[in-house]
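> Next comes the structure file upload.cif, holding mmCIF, C-alpha atoms.
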data_entry
#
loop_
_atom_site.label_atom_id
_atom_site.label_comp_id
_atom_site.auth_asym_id
_atom_site.auth_seq_id
_atom_site.Cartn_x
_atom_site.Cartn_y
_atom_site.Cartn_z
CA MET Y 1 11.81 -3.53 12.55
CA ALA Y 2 10.90 -0.98 9.91
CA ASP Y 3 11.86 2.62 10.58
CA LEU Y 4 8.71 4.77 10.37
CA SER Y 5 10.49 8.05 11.05
CA CYS Y 6 9.49 10.84 8.72
CA ASN Y 7 11.27 13.92 7.39
CA PHE Y 8 8.75 15.88 5.40
CA ALA Y 9 10.09 19.08 3.83
CA GLY Y 10 12.38 19.46 6.81
CA VAL Y 11 9.71 18.68 9.42
CA LYS Y 12 10.59 15.58 11.42
CA SER Y 13 8.26 13.20 13.23
CA PRO Y 14 8.56 9.66 14.63
CA ASN Y 15 6.00 8.36 12.14
CA PRO Y 16 4.18 9.75 9.07
CA PHE Y 17 0.75 9.79 10.70
CA TRP Y 18 -0.40 13.33 11.43
CA LEU Y 19 -3.81 14.57 12.49
CA ALA Y 20 -5.22 16.97 9.92
CA SER Y 21 -6.37 20.48 10.71
CA ALA Y 22 -9.84 19.85 12.14
CA PRO Y 23 -11.75 19.56 15.44
CA PRO Y 24 -9.30 16.91 16.81
CA THR Y 25 -6.49 19.50 16.70
CA ASP Y 26 -8.38 22.50 18.05
CA LYS Y 27 -6.89 22.65 21.54
CA GLN Y 28 -4.02 21.57 23.76
CA TYR Y 29 -6.05 18.88 25.54
CA ASN Y 30 -6.88 17.01 22.33
CA VAL Y 31 -3.41 17.33 20.81
CA GLU Y 32 -1.64 16.07 23.93
CA ARG Y 33 -3.99 13.10 24.09
CA ALA Y 34 -3.09 12.38 20.48
CA PHE Y 35 0.63 12.58 21.17
CA GLU Y 36 0.26 10.34 24.22
CA ALA Y 37 -1.49 7.81 21.98
CA GLY Y 38 1.42 7.86 19.53
CA TRP Y 39 0.54 10.22 16.67
CA GLY Y 40 3.57 11.56 14.85
CA GLY Y 41 2.32 15.10 14.39
CA VAL Y 42 -0.62 17.43 14.03
CA VAL Y 43 -1.74 20.29 11.88
CA TRP Y 44 -3.33 22.67 14.41
CA LYS Y 45 -6.84 23.71 13.49
CA THR Y 46 -6.86 26.78 11.26
CA LEU Y 47 -6.12 30.08 12.97
CA GLY Y 48 -7.44 33.40 11.73
CA GLU Y 49 -6.92 37.03 12.58
CA ALA Y 50 -7.18 38.38 16.10
CA GLY Y 51 -10.40 40.24 16.82
CA PRO Y 52 -14.04 39.15 17.05
CA PRO Y 53 -14.12 35.36 17.29
CA VAL Y 54 -15.53 33.13 14.58
CA VAL Y 55 -19.06 32.00 15.39
CA ASN Y 56 -20.00 28.43 14.51
CA VAL Y 57 -23.50 27.01 14.23
CA SER Y 58 -25.31 23.97 15.61
CA SER Y 59 -25.49 21.33 14.34
CA ARG Y 60 -22.38 20.99 12.20
CA TYR Y 61 -22.04 17.45 10.90
CA GLY Y 62 -23.90 15.22 8.49
CA ALA Y 63 -22.94 11.76 7.27
CA VAL Y 64 -23.45 9.17 4.57
CA ASP Y 65 -24.12 5.67 5.88
CA TYR Y 66 -24.11 2.76 3.46
CA ASN Y 67 -25.19 -0.85 3.84
CA GLY Y 68 -24.90 -0.72 7.62
CA GLN Y 69 -21.53 1.04 7.59
CA ARG Y 70 -21.61 4.27 9.55
CA MET Y 71 -19.89 7.44 8.35
CA VAL Y 72 -18.66 6.23 4.97
CA GLY Y 73 -18.63 9.95 4.25
CA LEU Y 74 -18.70 12.87 6.68
CA ASN Y 75 -19.92 16.37 5.90
CA ASN Y 76 -19.14 19.39 8.06
CA ILE Y 77 -20.12 23.05 8.03
CA GLU Y 78 -17.75 24.03 10.83
CA LEU Y 79 -15.52 27.05 10.30
CA ILE Y 80 -11.96 27.70 11.42
CA THR Y 81 -11.18 27.82 15.14
CA ASP Y 82 -13.64 29.81 17.22
CA ARG Y 83 -11.16 30.13 20.07
CA PRO Y 84 -9.17 33.36 20.60
CA LEU Y 85 -5.93 33.61 18.64
CA GLU Y 86 -3.84 34.38 21.72
CA VAL Y 87 -5.16 31.28 23.50
CA ASN Y 88 -4.32 29.06 20.53
CA LEU Y 89 -0.81 30.54 20.28
CA GLN Y 90 -0.17 29.95 23.99
CA GLU Y 91 -1.31 26.34 23.75
CA ILE Y 92 0.71 25.64 20.61
CA THR Y 93 3.80 26.97 22.39
CA ALA Y 94 3.17 24.77 25.42
CA VAL Y 95 2.53 21.61 23.39
CA LYS Y 96 5.60 22.04 21.19
CA LYS Y 97 7.77 22.62 24.25
CA ALA Y 98 6.42 19.47 25.92
CA TRP Y 99 6.60 17.33 22.76
CA PRO Y 100 9.64 18.54 20.80
CA ASP Y 101 9.95 15.35 18.73
CA ARG Y 102 6.44 15.64 17.23
CA ALA Y 103 5.56 17.59 14.11
CA MET Y 104 3.69 20.77 14.92
CA VAL Y 105 2.28 22.45 11.80
CA VAL Y 106 -0.07 25.42 12.19
CA SER Y 107 -2.88 25.96 9.67
CA LEU Y 108 -3.59 29.59 8.76
CA MET Y 109 -6.31 31.50 6.95
CA VAL Y 110 -6.51 35.29 6.79
CA PRO Y 111 -7.75 37.79 4.18
CA CYS Y 112 -5.84 38.08 0.92
CA GLU Y 113 -3.76 41.02 2.12
CA GLU Y 114 0.00 40.87 2.53
CA SER Y 115 -0.10 42.74 5.84
CA ALA Y 116 -2.54 40.22 7.31
CA TRP Y 117 -0.32 37.28 6.39
CA LYS Y 118 2.81 39.04 7.64
CA ASN Y 119 1.17 39.84 10.96
CA ILE Y 120 -0.06 36.34 11.74
CA LEU Y 121 3.17 34.69 10.57
CA GLN Y 122 5.19 36.82 12.98
CA GLN Y 123 2.97 35.72 15.85
CA VAL Y 124 2.98 32.04 14.87
CA GLU Y 125 6.78 31.95 14.61
CA GLN Y 126 7.00 32.71 18.32
CA THR Y 127 5.33 29.41 19.20
CA GLY Y 128 8.29 27.32 18.06
CA CYS Y 129 6.15 25.40 15.60
CA ASP Y 130 7.77 23.50 12.75
CA ALA Y 131 5.84 24.82 9.72
CA VAL Y 132 2.69 26.56 8.57
CA GLU Y 133 -0.02 25.22 6.28
CA LEU Y 134 -1.95 27.78 4.22
CA ASN Y 135 -5.59 26.73 4.17
CA PHE Y 136 -6.70 27.33 0.58
CA GLY Y 137 -9.25 24.56 0.66
CA CYS Y 138 -12.16 25.19 3.04
CA PRO Y 139 -15.24 25.19 0.75
CA HIS Y 140 -17.88 26.69 3.05
CA GLY Y 141 -18.35 29.75 5.20
CA MET Y 142 -14.87 31.15 4.85
CA SER Y 143 -14.90 30.92 1.06
CA GLU Y 144 -17.87 33.30 1.00
CA ARG Y 145 -15.59 35.76 2.78
CA GLY Y 146 -12.90 35.57 0.10
CA MET Y 147 -10.74 33.00 1.87
CA GLY Y 148 -10.29 29.21 1.79
CA SER Y 149 -11.24 27.67 -1.54
CA ALA Y 150 -11.99 31.14 -2.95
CA VAL Y 151 -8.19 31.52 -2.99
CA GLY Y 152 -7.43 27.89 -3.80
CA GLN Y 153 -9.46 28.01 -7.00
CA VAL Y 154 -7.38 30.86 -8.44
CA PRO Y 155 -3.77 29.86 -9.19
CA LYS Y 156 -2.48 33.43 -9.33
CA TYR Y 157 -3.80 34.02 -5.79
CA ILE Y 158 -2.14 30.83 -4.58
CA GLN Y 159 1.20 31.91 -6.01
CA MET Y 160 0.83 35.45 -4.68
CA VAL Y 161 0.07 34.43 -1.09
CA ALA Y 162 2.74 31.73 -1.11
CA GLU Y 163 5.28 34.34 -2.19
CA TRP Y 164 4.17 36.69 0.60
CA CYS Y 165 4.52 33.94 3.18
CA LYS Y 166 7.94 32.83 1.96
CA THR Y 167 9.01 36.47 2.20
CA HIS Y 168 7.74 36.95 5.74
CA THR Y 169 8.67 33.71 7.50
CA TYR Y 170 11.61 31.35 7.79
CA LEU Y 171 9.23 28.45 8.49
CA PRO Y 172 8.49 25.83 5.83
CA VAL Y 173 5.30 26.80 4.00
CA PHE Y 174 2.82 24.10 2.98
CA VAL Y 175 -0.14 24.89 0.74
CA LYS Y 176 -3.35 22.94 1.35
CA LEU Y 177 -5.16 22.52 -1.96
CA THR Y 178 -8.87 22.39 -2.68
CA PRO Y 179 -10.35 19.50 -4.69
CA ASN Y 180 -13.15 21.82 -5.83
CA ILE Y 181 -11.29 22.67 -9.00
CA THR Y 182 -11.15 21.36 -12.56
CA ASP Y 183 -7.45 20.40 -12.60
CA VAL Y 184 -5.50 20.35 -9.35
CA ARG Y 185 -2.19 20.48 -11.22
CA PHE Y 186 -2.61 24.18 -11.94
CA ALA Y 187 -3.02 24.93 -8.24
CA ALA Y 188 0.00 22.79 -7.36
CA ARG Y 189 2.10 24.47 -10.04
CA ALA Y 190 1.12 27.87 -8.64
CA ALA Y 191 2.15 26.81 -5.14
CA HIS Y 192 5.47 25.58 -6.50
CA ALA Y 193 6.01 28.80 -8.45
CA GLY Y 194 5.30 30.77 -5.30
CA GLY Y 195 8.09 28.97 -3.48
CA ALA Y 196 5.95 26.71 -1.29
CA ASP Y 197 7.93 23.92 0.35
CA ALA Y 198 5.14 21.35 -0.02
CA VAL Y 199 1.49 20.82 -0.83
CA SER Y 200 -1.12 18.96 1.17
CA LEU Y 201 -4.31 17.55 -0.30
CA ILE Y 202 -7.12 17.06 -0.51
CA ASN Y 203 -9.23 19.43 1.54
CA THR Y 204 -12.94 18.67 1.72
CA ILE Y 205 -15.28 18.40 -1.27
CA ASN Y 206 -18.37 20.57 -1.67
CA SER Y 207 -21.40 18.47 -0.82
CA ILE Y 208 -24.91 18.08 0.46
CA VAL Y 209 -24.98 14.61 1.96
CA SER Y 210 -28.69 14.20 2.64
CA VAL Y 211 -32.07 15.92 2.84
CA ASP Y 212 -34.31 15.61 5.90
CA LEU Y 213 -37.60 14.70 4.24
CA ASP Y 214 -39.61 15.85 7.24
CA GLN Y 215 -38.03 19.28 7.50
CA MET Y 216 -37.33 19.37 3.74
CA ALA Y 217 -33.88 20.79 4.41
CA PRO Y 218 -30.30 19.64 3.89
CA GLN Y 219 -28.51 17.98 6.79
CA PRO Y 220 -26.95 19.11 9.04
CA THR Y 221 -29.96 21.32 9.66
CA VAL Y 222 -29.77 24.65 11.47
CA ALA Y 223 -33.16 26.03 12.49
CA GLY Y 224 -34.81 24.41 9.49
CA LYS Y 225 -32.17 25.46 6.95
CA GLY Y 226 -29.07 23.78 5.56
CA THR Y 227 -26.14 24.52 3.30
CA HIS Y 228 -23.35 22.83 1.41
CA GLY Y 229 -20.42 21.64 3.49
CA GLY Y 230 -17.08 19.89 3.21
CA TYR Y 231 -17.13 16.14 2.44
CA CYS Y 232 -14.46 13.80 3.77
CA GLY Y 233 -14.00 10.25 5.01
CA PRO Y 234 -13.41 6.89 3.28
CA ALA Y 235 -15.66 7.81 0.34
CA VAL Y 236 -13.29 10.55 -0.86
CA LYS Y 237 -10.11 8.44 -0.85
CA PRO Y 238 -10.23 7.59 -4.60
CA ILE Y 239 -10.58 11.26 -5.50
CA ALA Y 240 -7.70 12.19 -3.23
CA MET Y 241 -5.38 9.53 -4.65
CA HIS Y 242 -6.15 10.61 -8.21
CA MET Y 243 -5.21 14.21 -7.42
CA VAL Y 244 -2.09 13.20 -5.50
CA ALA Y 245 -0.98 11.03 -8.43
CA ASP Y 246 -1.56 13.86 -10.91
CA ILE Y 247 0.75 16.13 -8.93
CA ALA Y 248 3.33 13.41 -8.32
CA ARG Y 249 3.75 12.69 -12.04
CA ASP Y 250 3.39 16.22 -13.37
CA GLU Y 251 6.69 17.43 -14.84
CA GLN Y 252 6.30 20.88 -13.28
CA THR Y 253 5.72 19.60 -9.73
CA ARG Y 254 7.55 16.26 -9.79
CA GLY Y 255 9.58 15.91 -6.62
CA MET Y 256 7.57 18.46 -4.65
CA PRO Y 257 6.76 17.03 -1.19
CA ILE Y 258 3.13 15.96 -0.81
CA SER Y 259 1.20 15.38 2.41
CA GLY Y 260 -1.67 13.06 1.56
CA ILE Y 261 -5.16 13.64 2.95
CA GLY Y 262 -8.50 12.04 2.18
CA GLY Y 263 -10.17 8.99 3.68
CA ILE Y 264 -7.06 7.48 5.26
CA SER Y 265 -8.48 5.06 7.81
CA ASN Y 266 -5.84 2.33 8.27
CA TRP Y 267 -2.24 1.42 7.53
CA ARG Y 268 -3.03 0.13 4.03
CA ASP Y 269 -4.60 3.44 3.02
CA ALA Y 270 -1.47 5.19 4.25
CA ALA Y 271 0.81 2.82 2.34
CA GLU Y 272 -1.12 3.49 -0.87
CA PHE Y 273 -0.71 7.26 -0.47
CA ILE Y 274 2.99 6.86 0.29
CA ALA Y 275 3.39 4.64 -2.79
CA LEU Y 276 1.97 7.60 -4.73
CA ASN Y 277 4.84 9.73 -3.37
CA CYS Y 278 3.36 11.21 -0.19
CA GLY Y 279 5.91 11.98 2.49
CA SER Y 280 3.36 12.17 5.30
CA VAL Y 281 -0.34 11.41 5.64
CA GLN Y 282 -3.02 13.32 7.51
CA VAL Y 283 -6.02 11.72 9.21
CA CYS Y 284 -9.24 13.25 10.46
CA THR Y 285 -12.50 11.33 9.98
CA ALA Y 286 -11.15 7.99 11.20
CA ALA Y 287 -9.94 9.60 14.42
CA MET Y 288 -13.26 11.38 14.88
CA ARG Y 289 -15.09 8.09 14.52
CA PHE Y 290 -12.86 5.70 16.46
CA GLY Y 291 -10.67 7.89 18.66
CA PHE Y 292 -6.93 8.42 18.80
CA ALA Y 293 -6.14 4.77 19.68
CA ILE Y 294 -6.39 3.80 16.00
CA ILE Y 295 -2.80 4.99 15.68
CA ASP Y 296 -1.66 1.62 17.09
CA GLU Y 297 -3.19 -0.29 14.18
CA MET Y 298 -1.78 2.22 11.74
CA THR Y 299 1.81 2.16 12.98
CA ASN Y 300 1.93 -1.57 13.75
CA GLY Y 301 0.24 -2.50 10.50
CA LEU Y 302 2.50 -0.33 8.37
CA SER Y 303 5.60 -1.55 10.18
CA ASN Y 304 4.64 -5.23 9.83
CA TRP Y 305 3.82 -4.81 6.14
CA MET Y 306 7.13 -3.05 5.49
CA ASP Y 307 8.96 -5.87 7.29
CA SER Y 308 7.19 -8.45 5.14
CA LYS Y 309 8.25 -6.62 1.99
CA GLY Y 310 11.80 -5.93 3.11
CA TYR Y 311 11.33 -2.17 3.23
CA ARG Y 312 13.50 -0.63 5.92
CA THR Y 313 12.38 2.99 5.59
CA LEU Y 314 9.42 4.85 4.10
CA ASP Y 315 11.62 6.08 1.27
CA ASP Y 316 12.19 2.48 0.19
CA PHE Y 317 8.70 2.32 -1.31
CA ARG Y 318 7.64 5.97 -1.46
CA GLY Y 319 6.62 6.88 -5.00
CA GLN Y 320 7.02 3.37 -6.40
CA ALA Y 321 3.49 3.37 -7.85
CA VAL Y 322 3.90 6.69 -9.66
CA PRO Y 323 5.65 5.30 -12.81
CA ASN Y 324 2.73 2.89 -13.22
CA VAL Y 325 0.14 5.67 -13.31
CA THR Y 326 -0.45 6.60 -16.93
CA ASP Y 327 -3.04 8.07 -19.27
CA TRP Y 328 -5.70 5.81 -20.81
CA GLN Y 329 -4.28 6.27 -24.31
CA TYR Y 330 -1.08 4.45 -23.29
CA LEU Y 331 -2.74 1.33 -21.88
CA ASP Y 332 -2.11 -1.94 -23.73
CA MET Y 333 -5.23 -2.60 -25.81
CA ASN Y 334 -4.02 -6.11 -26.65
CA TYR Y 335 -3.74 -7.21 -23.03
CA LYS Y 336 -6.43 -9.79 -22.26
CA THR Y 337 -7.88 -11.32 -19.10
CA ILE Y 338 -10.91 -13.53 -18.53
CA ALA Y 339 -12.72 -14.53 -15.37
CA SER Y 340 -12.30 -17.92 -13.72
CA ILE Y 341 -14.71 -19.27 -11.08
CA ASP Y 342 -13.46 -21.72 -8.44
CA PRO Y 343 -16.39 -24.15 -7.97
CA GLY Y 344 -14.97 -25.30 -4.64
CA LYS Y 345 -15.38 -21.82 -3.18
CA CYS Y 346 -18.64 -20.87 -4.87
CA ILE Y 347 -21.59 -20.45 -2.46
CA GLU Y 348 -24.14 -20.43 -5.32
CA CYS Y 349 -25.39 -16.92 -4.58
CA GLY Y 350 -25.62 -16.17 -8.31
CA LEU Y 351 -24.53 -12.53 -8.07
CA CYS Y 352 -21.90 -13.00 -10.76
CA TYR Y 353 -24.47 -14.45 -13.16
CA VAL Y 354 -27.14 -11.83 -12.48
CA THR Y 355 -24.84 -8.83 -12.89
CA CYS Y 356 -23.15 -10.22 -16.00
CA GLU Y 357 -26.47 -11.27 -17.57
CA ASP Y 358 -28.31 -8.04 -16.80
CA THR Y 359 -25.63 -5.36 -17.05
CA SER Y 360 -22.58 -6.75 -18.78
CA HIS Y 361 -21.72 -9.29 -21.50
CA GLN Y 362 -23.74 -12.46 -20.80
CA ALA Y 363 -20.49 -14.36 -20.28
CA ILE Y 364 -21.55 -16.61 -17.38
CA SER Y 365 -23.76 -19.66 -17.80
CA LYS Y 366 -25.98 -21.18 -15.11
CA THR Y 367 -26.83 -24.86 -14.86
CA LYS Y 368 -28.40 -26.97 -12.17
CA THR Y 369 -27.43 -30.52 -11.22
CA ALA Y 370 -29.85 -33.30 -10.41
CA ASP Y 371 -29.45 -32.67 -6.71
CA GLY Y 372 -30.29 -28.96 -7.12
CA LYS Y 373 -26.77 -27.53 -6.96
CA ARG Y 374 -26.26 -24.42 -9.10
CA ILE Y 375 -23.15 -24.32 -11.26
CA TYR Y 376 -21.82 -21.06 -12.71
CA THR Y 377 -19.31 -21.23 -15.55
CA VAL Y 378 -17.52 -18.50 -17.48
CA ILE Y 379 -18.07 -18.54 -21.25
CA ASP Y 380 -14.51 -17.72 -22.30
CA ASP Y 381 -15.36 -16.51 -25.81
CA GLU Y 382 -17.86 -13.96 -24.45
CA CYS Y 383 -15.83 -12.72 -21.46
CA VAL Y 384 -14.23 -9.30 -22.02
CA GLY Y 385 -12.36 -9.32 -18.73
CA CYS Y 386 -14.29 -6.37 -17.26
CA ASN Y 387 -13.85 -7.69 -13.69
CA LEU Y 388 -17.44 -6.99 -12.58
CA CYS Y 389 -18.10 -10.58 -11.47
CA ASN Y 390 -14.97 -10.55 -9.34
CA LEU Y 391 -16.01 -7.30 -7.68
CA VAL Y 392 -19.55 -8.40 -6.78
CA CYS Y 393 -18.57 -11.88 -5.57
CA PRO Y 394 -18.83 -12.03 -1.75
CA VAL Y 395 -16.27 -14.84 -1.41
CA PRO Y 396 -12.58 -13.83 -1.49
CA GLU Y 397 -10.62 -15.46 -4.31
CA CYS Y 398 -13.63 -17.38 -5.60
CA ILE Y 399 -13.43 -15.47 -8.88
CA SER Y 400 -10.08 -14.48 -10.30
CA MET Y 401 -8.98 -12.74 -13.46
CA VAL Y 402 -6.61 -14.87 -15.51
CA GLU Y 403 -4.28 -13.41 -18.12
CA VAL Y 404 -4.64 -14.88 -21.59
CA ASP Y 405 -1.61 -15.13 -23.84
CA ASN Y 406 -3.07 -14.11 -27.19
CA GLY Y 407 0.30 -13.66 -28.86
CA LEU Y 408 -0.39 -10.03 -29.73
CA PRO Y 409 2.23 -7.31 -29.17
CA TYR Y 410 1.75 -4.21 -27.05
CA MET Y 411 -0.47 -1.65 -28.77
CA ASN Y 412 -1.92 1.51 -27.24
CA TRP Y 413 -4.52 3.89 -28.63
CA THR Y 414 -1.92 6.24 -30.13
CA GLN Y 415 -0.76 3.27 -32.25
CA HIS Y 416 -4.14 1.74 -33.00
CA PRO Y 417 -5.24 1.72 -36.68
CA ASN Y 418 -8.73 2.92 -35.69
CA ASN Y 419 -7.23 6.09 -34.25
CA PRO Y 420 -7.15 8.76 -37.01
CA MET Y 421 -4.07 10.25 -35.38
CA SER Y 422 -2.23 6.91 -35.27
CA ASN Y 423 1.29 6.75 -36.66
CA THR Y 424 0.93 3.10 -37.62
#
Kindly transcribe the structure held in the file into structure tokens.

Amino acid sequence: MADLSCNFAGVKSPNPFWLASAPPTDKQYNVERAFEAGWGGVVWKTLGEAGPPVVNVSSRYGAVDYNGQRMVGLNNIELITDRPLEVNLQEITAVKKAWPDRAMVVSLMVPCEESAWKNILQQVEQTGCDAVELNFGCPHGMSERGMGSAVGQVPKYIQMVAEWCKTHTYLPVFVKLTPNITDVRFAARAAHAGGADAVSLINTINSIVSVDLDQMAPQPTVAGKGTHGGYCGPAVKPIAMHMVADIARDEQTRGMPISGIGGISNWRDAAEFIALNCGSVQVCTAAMRFGFAIIDEMTNGLSNWMDSKGYRTLDDFRGQAVPNVTDWQYLDMNYKTIASIDPGKCIECGLCYVTCEDTSHQAISKTKTADGKRIYTVIDDECVGCNLCNLVCPVPECISMVEVDNGLPYMNWTQHPNNPMSNT
């Protein structure tokens, strides 16, 4: 059996699946239910300063549904925990004592003042938690108060706060990065320069997911008004993986531990993030939709896949995809594929023909036999290998992309004669 145990920046857990800082990790009851179900760790919902509690609004969530699939994307306008700091600290202490083998990371967000960070770190240390995660990503509510993504969008602030925290705590310090930024590498470099032990990403993306056309207001709607919120769920996974890959292959942050977040809904999603060099993965939306029991599919699926590949530990495949992530200019322009349609699997829906004829390269012909059967055939000389027909085909493996040996050597854009900067 594969060994799913995880050691992320010194924080150990029985598996790499952690619940992200969010409503599922807001109280002892939820977290203990998660641990009973088998989750490897949690990032406790973001704590703030002691004093007047945070006030949330109602309602708080909006969603994108697509083609009958519920919650492809989830939007929230919820703030950090609205429970008293002392209550959260007591519950964190109790949970960590009862579940010493699980990762307990505490998310924090306070004003950009060294004294504020020092004060809350001293209190959090007393819980026995394993690490802290600095929430520099929340894009709504708290950012208007100079916290969350208001910090995460300014590299010098990231570095400054990370340095404060490394000065005032012995705990590992993780920095949670915002995707609401032009180039996430600058934020990651700042976290690294500030001494952070790891980064986690992505936090939610600024969004308005829908407009109620009766109230003429964004959803979720609060007394007839709406605002932008944080977008998460399966729809953000491609954005998250791009940003993770950028950090994983950046010379200035290469080797820095990464906790992957963003649309992770099953074991395969997790494996993809780990292949891009993530040491742990954090889940939120999938748990909020299906409940904590999804951990069984995640752990069993990942373990079975690792067994089938001969991977004994997570490190055996962690980061293996990173060397194959490159810039467009280095792709082989002489590499050639064309589509191939298996007539035995074709259900004659015609989607491949329609999309290629209307929006691509008119590389599929349509004929009809005497008995009315429709035959779709790829016109090899017209096919550019764009892959659209394969993507729209509803039948698995009916259309495949076949490599063509054209006898041409590797040539990228930096070498191409049409490039004015080419050396060839």
> For range 327-331 of chain Y, list every protein, DNA or RNA residue within 9 Å, evaluated using only C-alpha atoms, and leave out those in the same chain fewer than 5 positions away; present the list as a list in words.
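Once the nearby chain positions are removed, what remains is Tyr410, Met411, Asn412, Trp413 and Thr414 of chain Y.
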> Figure out the distance between CA of Val105 in chain Y and CA of Lys27 in chain Y, please, to one decimal in Å.
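CA of Val105 in chain Y lies 13.4 Å from CA of Lys27 in chain Y.
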> Extract, using only C-alpha atoms, all DNA, RNA and protein residues at most 8 Å from Ala190 in chain Y, discarding same-chain residues fewer than 5 positions from it, and format them as a tab-separated table (two decimals) with C-alpha atoms, in the coordinates of the input.

chain	number	residue	atom	x	y	z
Y	155	PRO	CA	-3.77	29.86	-9.19
Y	156	LYS	CA	-2.48	33.43	-9.33
Y	158	ILE	CA	-2.14	30.83	-4.58
Y	159	GLN	CA	1.20	31.91	-6.01
> Could you check which of Y:Gly68, Y:Gly291, Y:Pro238, Y:Gly372 is closest to Ala37 in chain Y, using only C-alpha atoms?
Y:Gly291
> When you draw a straight line from CA of Gln362 in chain Y to CA of Tyr66 in chain Y, how long is it in Å?
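Distance reported for this atom pair: 28.6 Å.
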> When you get a chance, write out N, CA and C atoms for range 197-209 of chain Y, as a short mmCIF file (atom, residue, chain, number, x, y, z; two decimals), keeping the file's coordinate frame.

data_model
loop_
_atom_site.label_atom_id
_atom_site.label_comp_id
_atom_site.auth_asym_id
_atom_site.auth_seq_id
_atom_site.Cartn_x
_atom_site.Cartn_y
_atom_site.Cartn_z
N ASP Y 197 7.05 25.06 0.08
CA ASP Y 197 7.93 23.92 0.35
C ASP Y 197 7.23 22.59 0.13
N ALA Y 198 5.90 22.59 0.14
CA ALA Y 198 5.14 21.35 -0.02
C ALA Y 198 3.69 21.70 -0.29
N VAL Y 199 2.94 20.70 -0.74
CA VAL Y 199 1.49 20.82 -0.83
C VAL Y 199 0.86 19.72 -0.01
N SER Y 200 -0.34 19.98 0.48
CA SER Y 200 -1.12 18.96 1.17
C SER Y 200 -2.49 18.90 0.53
N LEU Y 201 -3.02 17.72 0.37
CA LEU Y 201 -4.31 17.55 -0.30
C LEU Y 201 -4.82 16.13 -0.07
N ILE Y 202 -6.19 16.02 -0.10
CA ILE Y 202 -7.12 17.06 -0.51
C ILE Y 202 -7.83 17.64 0.72
N ASN Y 203 -8.29 18.90 0.58
CA ASN Y 203 -9.23 19.43 1.54
C ASN Y 203 -10.60 18.86 1.19
N THR Y 204 -11.62 19.29 1.88
CA THR Y 204 -12.94 18.67 1.72
C THR Y 204 -13.62 19.08 0.42
N ILE Y 205 -14.57 18.24 -0.01
CA ILE Y 205 -15.28 18.40 -1.27
C ILE Y 205 -16.67 18.99 -1.01
N ASN Y 206 -17.04 19.98 -1.81
CA ASN Y 206 -18.37 20.57 -1.67
C ASN Y 206 -19.45 19.49 -1.75
N SER Y 207 -20.41 19.54 -0.83
CA SER Y 207 -21.40 18.47 -0.82
C SER Y 207 -22.64 18.85 -0.03
N ILE Y 208 -23.74 18.21 -0.39
CA ILE Y 208 -24.91 18.08 0.46
C ILE Y 208 -25.13 16.59 0.59
N VAL Y 209 -25.00 16.07 1.80
CA VAL Y 209 -24.98 14.61 1.96
C VAL Y 209 -26.36 14.00 2.07
#
